[in-house]
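Engineer: My structure is below; once you've seen it, I'll send some questions.
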Amino acid sequence: MTTTLKPPQELPYGSAHPLQSLDLYHQNLDPNTYWVIFIHGGAWRDPKMTKSSGHPLICSLLSKYPHLNAASINYRLSPHPCYPSNGNVARHPNHIDDVRLALSFLQERYSMKREKSVLVGHSAGAYMAFQIDAGCGAAAAAVVGVEGVYHLGKLVEEYADYEEFVGGAFGEGWKGVDEEVLVEVEDGRDGGGRVVLVHSSQDGLLSFGQSKYWAGVLRGRGRVVREVYDVVGNHNEVLEGAELVEVVEEELKGLEVEAGKGN
């Protein structure tokens, strides 16, 4: 018997901008239900990358775990030279403030629990996932970074042309933001959750350098890190692949096992 998935409910989590919205897949009212939360990428500015980027992953997971809860988050965007009239004028910390606000909304309105959630960030969304890793109790028990950016300085060092969108999103002080993230990231010995870094060799926009660097930083802080490099697809296609679904499934199963040990 095939489970019919209900379409997501689009909800505002803020009132400052139309992009302060999320798609909610609220299947289960049990406060102990597991959640998957998706943060899209797009260099902090691409209006074509939205919360809908998370739908293939979430729908695949819900087809297997119909009692799972999930959400995919939009946030305010920075100016894009190809879309000068779209009204997007966000600058750091607008993007991350929005994601924090969305997570607080889910916690307060729908009883989403940190210890019952997996946070999935794609590209720039992966950077934001770790920006909030210790922020306001909003981080997840497991964080999955997909084709992620993890250090702006190293990104621009490897890809000089990328300074244009990094500066557009973070302003002239962008070089100091990496240190802010490093200060905020939780130490595994103090309760920081598990981490999975997913990166395809077919990604033409980012090399393995970002993921390799970040894995080393996190392991140095005692975090449990799994690196997955055998996924298929380019920078965005990975989001629609079965491999990513399997990665998130494994994290959900790991959380269930840990919860069982605690009972």
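Residue numbering restarts at 1 in every chain; chains get A, B, ... in the order shown in the structure tokens, and ligands count up from 1 in that same order.
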Go through stretch 97-130 of chain A and collect every residue that DSSP, computed from the backbone, puts in alpha helix (DSSP H); the answer should be as a list in words.
Structural biologist: Asp97, Asp98, Val99, Arg100, Leu101, Ala102, Leu103, Ser104, Phe105, Leu106, Gln107, Glu108, Arg109, Tyr110, Ala124, Gly125, Ala126, Tyr127, Met128, Ala129 and Phe130 of chain A
Engineer: Mind checking DSSP for stretch 180-260 of chain A and telling me the strand (DSSP E) residues as a PyMOL selection string?
Structural biologist: chain A and resi 194-198+225-228
Engineer: Tell me which of A:Asp97, A:Glu172, A:Asp133, A:Glu147 sits closest to A:Gly192, counting only C-alpha atoms.
Structural biologist: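 Checking each of A:Asp97, A:Glu172, A:Asp133, A:Glu147 against A:Gly192, counting only C-alpha atoms, the winner is A:Asp133.
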Engineer: For a quick check of understanding, using only C-alpha atoms, which of A:Gly220, A:His199, A:Lys212, A:Lys48 has the smallest distance to A:Cys82?
Structural biologist: A:Lys48
Engineer: For stretch 71-175 of chain A against stretch 4-15 of chain A, with a cut-off of 8 Å and counting only C-alpha atoms, what is the closest atom pair and its distance in Å to one decimal for every residue that makes the cut, ordered by chain and number, as CSV?
Structural biologist:
residue,atom,partner,partner_atom,distance
A:Asp98,CA,A:Gly14,CA,8.0
A:Leu101,CA,A:Tyr13,CA,7.0
A:Ala102,CA,A:Tyr13,CA,5.6
A:Phe105,CA,A:Tyr13,CA,6.1
Engineer: Could you give me, as a PyMOL selection string, the residues within 10 Å of A:Gly241, counting only C-alpha atoms and dropping anything in the same chain fewer than 5 positions from it?
Structural biologist: chain A and resi 56-57+60+231-233+236+246
Engineer: Please provide as JSON, numbers by chain all residues within 8 Å of stretch 43-46 of chain A, with the sequence filter that same-chain residues fewer than 2 positions apart are discarded (counting only C-alpha atoms).
Structural biologist: {"A": [41, 48, 49, 77, 78, 79, 80, 88, 95, 123, 124, 165, 166, 169]}
Engineer: Go ahead and write the selection's residues with all heavy atoms as a short mmCIF file (atom, residue, chain, number, x, y, z; two decimals), in the first residue's frame.
Structural biologist:
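Written out: selection.cif:
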data_model
loop_
_atom_site.label_atom_id
_atom_site.label_comp_id
_atom_site.auth_asym_id
_atom_site.auth_seq_id
_atom_site.Cartn_x
_atom_site.Cartn_y
_atom_site.Cartn_z
N GLY A 41 21.10 26.20 -0.31
CA GLY A 41 22.29 26.96 -0.68
C GLY A 41 21.97 28.02 -1.72
O GLY A 41 20.86 28.52 -1.80
N LYS A 48 16.97 31.39 -7.43
CA LYS A 48 16.49 30.11 -7.96
C LYS A 48 16.68 28.97 -6.97
O LYS A 48 16.08 27.91 -7.12
CB LYS A 48 17.24 29.78 -9.27
CG LYS A 48 17.07 30.81 -10.37
CD LYS A 48 17.63 30.32 -11.70
CE LYS A 48 19.11 29.98 -11.62
NZ LYS A 48 19.94 31.15 -11.23
N MET A 49 17.52 29.17 -5.97
CA MET A 49 17.71 28.17 -4.93
C MET A 49 16.84 28.56 -3.73
O MET A 49 17.06 29.61 -3.11
CB MET A 49 19.17 28.08 -4.53
CG MET A 49 20.10 27.62 -5.63
SD MET A 49 19.73 25.94 -6.21
CE MET A 49 20.22 24.97 -4.77
N LEU A 77 17.79 37.00 1.11
CA LEU A 77 18.94 36.84 0.22
C LEU A 77 19.65 38.17 -0.03
O LEU A 77 19.06 39.24 0.06
CB LEU A 77 18.49 36.25 -1.12
CG LEU A 77 17.83 34.87 -1.07
CD1 LEU A 77 17.36 34.48 -2.48
CD2 LEU A 77 18.77 33.82 -0.51
N SER A 78 20.92 38.06 -0.39
CA SER A 78 21.72 39.21 -0.76
C SER A 78 21.49 39.58 -2.23
O SER A 78 20.94 38.80 -3.00
CB SER A 78 23.21 38.91 -0.52
OG SER A 78 23.45 38.72 0.87
N PRO A 79 21.93 40.77 -2.64
CA PRO A 79 21.75 41.19 -4.04
C PRO A 79 22.47 40.25 -5.01
O PRO A 79 23.54 39.74 -4.71
CB PRO A 79 22.38 42.58 -4.07
CG PRO A 79 22.36 43.06 -2.66
CD PRO A 79 22.55 41.83 -1.82
N HIS A 80 21.86 40.05 -6.17
CA HIS A 80 22.44 39.22 -7.23
C HIS A 80 22.54 40.07 -8.49
O HIS A 80 21.55 40.68 -8.91
CB HIS A 80 21.56 38.00 -7.48
CG HIS A 80 22.22 36.92 -8.28
ND1 HIS A 80 22.69 37.12 -9.56
CD2 HIS A 80 22.51 35.62 -7.98
CE1 HIS A 80 23.22 36.00 -10.03
NE2 HIS A 80 23.12 35.08 -9.08
N ASN A 88 16.13 41.92 -3.19
CA ASN A 88 16.88 41.21 -2.16
C ASN A 88 18.12 42.03 -1.78
O ASN A 88 19.00 42.25 -2.60
CB ASN A 88 17.31 39.83 -2.66
CG ASN A 88 16.13 38.88 -2.79
OD1 ASN A 88 15.15 39.01 -2.07
ND2 ASN A 88 16.21 37.94 -3.71
N HIS A 95 20.91 36.61 7.00
CA HIS A 95 20.63 35.23 6.59
C HIS A 95 20.58 34.30 7.81
O HIS A 95 19.63 33.54 7.99
CB HIS A 95 21.71 34.71 5.62
CG HIS A 95 22.27 35.73 4.70
ND1 HIS A 95 23.37 36.50 5.00
CD2 HIS A 95 21.88 36.12 3.46
CE1 HIS A 95 23.65 37.31 4.01
NE2 HIS A 95 22.75 37.11 3.05
N SER A 123 25.61 23.58 0.53
CA SER A 123 26.46 24.66 0.05
C SER A 123 26.53 25.79 1.08
O SER A 123 27.01 25.58 2.18
CB SER A 123 25.93 25.14 -1.31
OG SER A 123 26.87 25.96 -1.96
N ALA A 124 26.04 26.99 0.76
CA ALA A 124 26.02 28.06 1.75
C ALA A 124 25.18 27.68 2.95
O ALA A 124 25.44 28.12 4.08
CB ALA A 124 25.48 29.35 1.13
N PHE A 165 30.73 37.24 -4.52
CA PHE A 165 29.50 36.93 -3.82
C PHE A 165 29.71 36.85 -2.31
O PHE A 165 28.79 37.13 -1.53
CB PHE A 165 28.81 35.66 -4.37
CG PHE A 165 29.47 34.35 -4.06
CD1 PHE A 165 29.42 33.80 -2.79
CD2 PHE A 165 30.09 33.62 -5.06
CE1 PHE A 165 29.98 32.56 -2.51
CE2 PHE A 165 30.67 32.39 -4.80
CZ PHE A 165 30.62 31.86 -3.51
N VAL A 166 30.92 36.49 -1.87
CA VAL A 166 31.20 36.47 -0.43
C VAL A 166 31.12 37.89 0.12
O VAL A 166 30.47 38.14 1.15
CB VAL A 166 32.58 35.85 -0.15
CG1 VAL A 166 32.97 36.05 1.32
CG2 VAL A 166 32.57 34.36 -0.48
N ALA A 169 27.55 39.14 0.33
CA ALA A 169 26.75 38.58 1.42
C ALA A 169 27.21 39.05 2.79
O ALA A 169 26.39 39.26 3.69
CB ALA A 169 26.79 37.05 1.36
#
Engineer: What's around A:Leu155 at 12 Å? Count only C-alpha atoms, leave out sequence neighbours fewer than 3 positions away in its own chain, and write the answer as a short mmCIF file (atom, residue, chain, number, x, y, z; two decimals) with all heavy atoms, in the first residue's frame.
Structural biologist:
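New file out04.cif:
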data_model
loop_
_atom_site.label_atom_id
_atom_site.label_comp_id
_atom_site.auth_asym_id
_atom_site.auth_seq_id
_atom_site.Cartn_x
_atom_site.Cartn_y
_atom_site.Cartn_z
N ALA A 43 24.80 30.45 -2.64
CA ALA A 43 25.75 31.55 -2.43
C ALA A 43 25.13 32.74 -1.72
O ALA A 43 25.52 33.88 -1.95
CB ALA A 43 26.38 31.99 -3.76
N SER A 123 25.61 23.58 0.53
CA SER A 123 26.46 24.66 0.05
C SER A 123 26.53 25.79 1.08
O SER A 123 27.01 25.58 2.18
CB SER A 123 25.93 25.14 -1.31
OG SER A 123 26.87 25.96 -1.96
N ALA A 124 26.04 26.99 0.76
CA ALA A 124 26.02 28.06 1.75
C ALA A 124 25.18 27.68 2.95
O ALA A 124 25.44 28.12 4.08
CB ALA A 124 25.48 29.35 1.13
N TYR A 127 27.29 26.14 5.60
CA TYR A 127 28.00 27.14 6.41
C TYR A 127 27.08 27.64 7.52
O TYR A 127 27.47 27.74 8.69
CB TYR A 127 28.44 28.30 5.53
CG TYR A 127 29.45 29.24 6.16
CD1 TYR A 127 30.81 28.98 6.09
CD2 TYR A 127 29.03 30.38 6.84
CE1 TYR A 127 31.74 29.85 6.66
CE2 TYR A 127 29.95 31.25 7.41
CZ TYR A 127 31.31 30.97 7.32
OH TYR A 127 32.23 31.82 7.90
N GLY A 148 29.39 21.45 0.90
CA GLY A 148 29.36 22.63 1.74
C GLY A 148 30.53 23.59 1.64
O GLY A 148 31.65 23.23 1.29
N VAL A 149 30.22 24.85 1.96
CA VAL A 149 31.22 25.87 2.24
C VAL A 149 31.41 25.89 3.75
O VAL A 149 30.43 25.93 4.50
CB VAL A 149 30.74 27.25 1.76
CG1 VAL A 149 31.71 28.35 2.23
CG2 VAL A 149 30.57 27.29 0.26
N TYR A 150 32.67 25.86 4.22
CA TYR A 150 32.93 25.84 5.66
C TYR A 150 33.94 26.89 6.11
O TYR A 150 34.10 27.12 7.29
CB TYR A 150 33.40 24.45 6.09
CG TYR A 150 32.43 23.36 5.69
CD1 TYR A 150 32.74 22.46 4.66
CD2 TYR A 150 31.20 23.26 6.30
CE1 TYR A 150 31.84 21.48 4.27
CE2 TYR A 150 30.28 22.28 5.91
CZ TYR A 150 30.61 21.40 4.90
OH TYR A 150 29.71 20.45 4.52
N HIS A 151 34.63 27.54 5.15
CA HIS A 151 35.60 28.57 5.50
C HIS A 151 35.68 29.55 4.35
O HIS A 151 36.15 29.21 3.25
CB HIS A 151 36.96 27.95 5.80
CG HIS A 151 37.93 28.89 6.45
ND1 HIS A 151 38.62 29.85 5.75
CD2 HIS A 151 38.31 29.02 7.76
CE1 HIS A 151 39.41 30.52 6.59
NE2 HIS A 151 39.24 30.05 7.81
N LEU A 152 35.22 30.78 4.57
CA LEU A 152 35.17 31.77 3.50
C LEU A 152 36.56 32.13 3.00
O LEU A 152 36.78 32.29 1.79
CB LEU A 152 34.45 33.03 3.99
CG LEU A 152 33.02 32.84 4.50
CD1 LEU A 152 32.48 34.16 5.03
CD2 LEU A 152 32.12 32.29 3.40
N GLU A 158 41.07 29.66 -2.84
CA GLU A 158 41.05 28.64 -3.90
C GLU A 158 40.33 29.14 -5.15
O GLU A 158 40.72 28.80 -6.27
CB GLU A 158 40.37 27.37 -3.39
CG GLU A 158 40.40 26.22 -4.38
CD GLU A 158 39.86 24.92 -3.82
OE1 GLU A 158 39.38 24.91 -2.65
OE2 GLU A 158 39.90 23.89 -4.53
N TYR A 159 39.28 29.94 -4.95
CA TYR A 159 38.48 30.44 -6.07
C TYR A 159 38.37 31.96 -5.93
O TYR A 159 37.43 32.48 -5.31
CB TYR A 159 37.07 29.83 -6.04
CG TYR A 159 37.03 28.33 -6.07
CD1 TYR A 159 36.88 27.59 -4.89
CD2 TYR A 159 37.12 27.63 -7.28
CE1 TYR A 159 36.82 26.21 -4.91
CE2 TYR A 159 37.06 26.23 -7.31
CZ TYR A 159 36.92 25.54 -6.13
OH TYR A 159 36.85 24.17 -6.15
N ALA A 160 39.31 32.68 -6.52
CA ALA A 160 39.37 34.13 -6.34
C ALA A 160 38.09 34.83 -6.80
O ALA A 160 37.68 35.84 -6.20
CB ALA A 160 40.57 34.69 -7.11
N ASP A 161 37.43 34.30 -7.83
CA ASP A 161 36.22 34.94 -8.35
C ASP A 161 35.08 34.92 -7.33
O ASP A 161 34.15 35.73 -7.41
CB ASP A 161 35.75 34.24 -9.63
CG ASP A 161 36.69 34.47 -10.80
OD1 ASP A 161 37.57 35.36 -10.68
OD2 ASP A 161 36.57 33.77 -11.82
N TYR A 162 35.14 34.00 -6.38
CA TYR A 162 34.05 33.87 -5.41
C TYR A 162 34.02 35.02 -4.40
O TYR A 162 33.04 35.17 -3.67
CB TYR A 162 34.15 32.54 -4.67
CG TYR A 162 33.82 31.31 -5.51
CD1 TYR A 162 33.52 31.42 -6.86
CD2 TYR A 162 33.83 30.04 -4.95
CE1 TYR A 162 33.23 30.30 -7.63
CE2 TYR A 162 33.53 28.92 -5.69
CZ TYR A 162 33.24 29.05 -7.03
OH TYR A 162 32.95 27.93 -7.79
N GLU A 163 35.08 35.82 -4.35
CA GLU A 163 35.08 36.93 -3.41
C GLU A 163 33.94 37.90 -3.70
O GLU A 163 33.44 38.59 -2.80
CB GLU A 163 36.41 37.68 -3.45
CG GLU A 163 36.52 38.77 -2.40
CD GLU A 163 37.90 39.37 -2.27
OE1 GLU A 163 38.82 38.97 -3.04
OE2 GLU A 163 38.08 40.23 -1.39
N GLU A 164 33.50 37.93 -4.95
CA GLU A 164 32.42 38.85 -5.33
C GLU A 164 31.13 38.52 -4.57
O GLU A 164 30.50 39.41 -3.98
CB GLU A 164 32.18 38.77 -6.84
CG GLU A 164 31.22 39.83 -7.37
CD GLU A 164 29.82 39.29 -7.58
OE1 GLU A 164 29.68 38.06 -7.77
OE2 GLU A 164 28.87 40.09 -7.54
N PHE A 165 30.73 37.24 -4.52
CA PHE A 165 29.50 36.93 -3.82
C PHE A 165 29.71 36.85 -2.31
O PHE A 165 28.79 37.13 -1.53
CB PHE A 165 28.81 35.66 -4.37
CG PHE A 165 29.47 34.35 -4.06
CD1 PHE A 165 29.42 33.80 -2.79
CD2 PHE A 165 30.09 33.62 -5.06
CE1 PHE A 165 29.98 32.56 -2.51
CE2 PHE A 165 30.67 32.39 -4.80
CZ PHE A 165 30.62 31.86 -3.51
N VAL A 166 30.92 36.49 -1.87
CA VAL A 166 31.20 36.47 -0.43
C VAL A 166 31.12 37.89 0.12
O VAL A 166 30.47 38.14 1.15
CB VAL A 166 32.58 35.85 -0.15
CG1 VAL A 166 32.97 36.05 1.32
CG2 VAL A 166 32.57 34.36 -0.48
N TRP A 174 34.09 40.44 5.81
CA TRP A 174 33.80 39.01 5.66
C TRP A 174 34.90 38.12 6.20
O TRP A 174 34.63 36.99 6.65
CB TRP A 174 33.53 38.68 4.19
CG TRP A 174 34.69 38.84 3.24
CD1 TRP A 174 34.95 39.93 2.47
CD2 TRP A 174 35.71 37.89 2.94
NE1 TRP A 174 36.08 39.72 1.70
CE2 TRP A 174 36.57 38.48 1.96
CE3 TRP A 174 35.99 36.60 3.39
CZ2 TRP A 174 37.68 37.82 1.46
CZ3 TRP A 174 37.11 35.94 2.88
CH2 TRP A 174 37.94 36.54 1.93
N LYS A 175 36.14 38.60 6.22
CA LYS A 175 37.24 37.75 6.69
C LYS A 175 37.13 37.41 8.18
O LYS A 175 37.71 36.43 8.63
CB LYS A 175 38.58 38.43 6.41
CG LYS A 175 38.89 38.54 4.92
CD LYS A 175 40.24 39.18 4.67
CE LYS A 175 40.53 39.28 3.18
NZ LYS A 175 41.84 39.93 2.90
N ASP A 178 34.61 33.85 9.64
CA ASP A 178 35.10 32.50 9.90
C ASP A 178 35.44 32.31 11.37
O ASP A 178 35.15 31.26 11.95
CB ASP A 178 36.32 32.18 9.04
CG ASP A 178 35.99 32.06 7.55
OD1 ASP A 178 34.93 31.50 7.23
OD2 ASP A 178 36.79 32.52 6.74
N LEU A 205 31.88 23.12 -8.75
CA LEU A 205 31.94 24.43 -8.09
C LEU A 205 32.81 24.43 -6.85
O LEU A 205 33.34 25.47 -6.47
CB LEU A 205 30.52 24.89 -7.71
CG LEU A 205 29.53 25.07 -8.87
CD1 LEU A 205 28.19 25.54 -8.35
CD2 LEU A 205 30.08 26.05 -9.90
N LEU A 206 32.96 23.29 -6.22
CA LEU A 206 33.76 23.18 -4.99
C LEU A 206 34.58 21.89 -5.01
O LEU A 206 34.05 20.82 -5.33
CB LEU A 206 32.87 23.17 -3.75
CG LEU A 206 32.19 24.47 -3.32
CD1 LEU A 206 31.26 24.20 -2.14
CD2 LEU A 206 33.21 25.53 -2.97
N SER A 207 35.84 21.99 -4.62
CA SER A 207 36.67 20.80 -4.48
C SER A 207 36.43 20.16 -3.11
O SER A 207 35.67 20.68 -2.29
CB SER A 207 38.15 21.18 -4.62
OG SER A 207 38.58 21.87 -3.45
N PHE A 208 37.13 19.05 -2.86
CA PHE A 208 37.04 18.40 -1.56
C PHE A 208 37.69 19.24 -0.46
O PHE A 208 37.57 18.92 0.72
CB PHE A 208 37.75 17.04 -1.60
CG PHE A 208 37.03 15.97 -2.37
CD1 PHE A 208 37.74 14.92 -2.94
CD2 PHE A 208 35.66 16.00 -2.54
CE1 PHE A 208 37.10 13.92 -3.65
CE2 PHE A 208 35.00 15.01 -3.25
CZ PHE A 208 35.72 13.96 -3.81
N GLY A 209 38.43 20.29 -0.84
CA GLY A 209 39.21 21.04 0.14
C GLY A 209 38.41 21.55 1.31
O GLY A 209 38.86 21.48 2.46
N GLN A 210 37.22 22.09 1.05
CA GLN A 210 36.39 22.61 2.13
C GLN A 210 36.00 21.51 3.13
O GLN A 210 36.13 21.68 4.34
CB GLN A 210 35.13 23.27 1.56
CG GLN A 210 35.38 24.58 0.85
CD GLN A 210 35.55 25.76 1.80
OE1 GLN A 210 34.76 25.95 2.70
NE2 GLN A 210 36.60 26.54 1.59
N SER A 211 35.54 20.39 2.62
CA SER A 211 35.10 19.30 3.50
C SER A 211 36.27 18.69 4.26
O SER A 211 36.16 18.39 5.46
CB SER A 211 34.38 18.22 2.69
OG SER A 211 33.16 18.71 2.17
N TYR A 213 39.09 20.16 5.11
CA TYR A 213 39.49 21.11 6.14
C TYR A 213 38.55 21.04 7.34
O TYR A 213 38.99 20.95 8.50
CB TYR A 213 39.49 22.53 5.56
CG TYR A 213 39.34 23.60 6.62
CD1 TYR A 213 40.43 23.99 7.42
CD2 TYR A 213 38.11 24.22 6.83
CE1 TYR A 213 40.27 24.96 8.40
CE2 TYR A 213 37.95 25.19 7.81
CZ TYR A 213 39.04 25.55 8.60
OH TYR A 213 38.88 26.50 9.58
N TRP A 214 37.25 21.06 7.08
CA TRP A 214 36.28 21.13 8.17
C TRP A 214 36.26 19.84 8.99
O TRP A 214 36.09 19.88 10.22
CB TRP A 214 34.91 21.44 7.60
CG TRP A 214 33.92 21.94 8.62
CD1 TRP A 214 32.69 21.44 8.86
CD2 TRP A 214 34.08 23.06 9.50
NE1 TRP A 214 32.06 22.17 9.84
CE2 TRP A 214 32.90 23.17 10.25
CE3 TRP A 214 35.12 23.97 9.72
CZ2 TRP A 214 32.72 24.15 11.22
CZ3 TRP A 214 34.95 24.95 10.69
CH2 TRP A 214 33.76 25.03 11.43
#
Engineer: My list of candidates is A:Gly193, A:Val177, A:Pro47, A:Val99. Which is closest to A:Pro81 when distances are computed with only C-alpha atoms?
Structural biologist: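 Once distances to A:Pro81 are computed over only C-alpha atoms, the minimum belongs to A:Pro47.
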Engineer: Could you work out how far atom CA of A:Val156 lies from atom CA of A:Ser72, giving the answer in Å with one decimal?
Structural biologist: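 Straight-line distance from atom CA of A:Ser72 to atom CA of A:Val156 works out to 28.1 Å.
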Engineer: What's the separation between atom CA of A:Leu182 and atom CA of A:Ala215, in Å to one decimal place?
Structural biologist: 12.7 Å
Engineer: May I ask which of the residues A:Glu180, A:Glu256, A:Asp203, A:Glu251 is the closest one to A:Leu239, counting only C-alpha atoms?
Structural biologist: A:Asp203
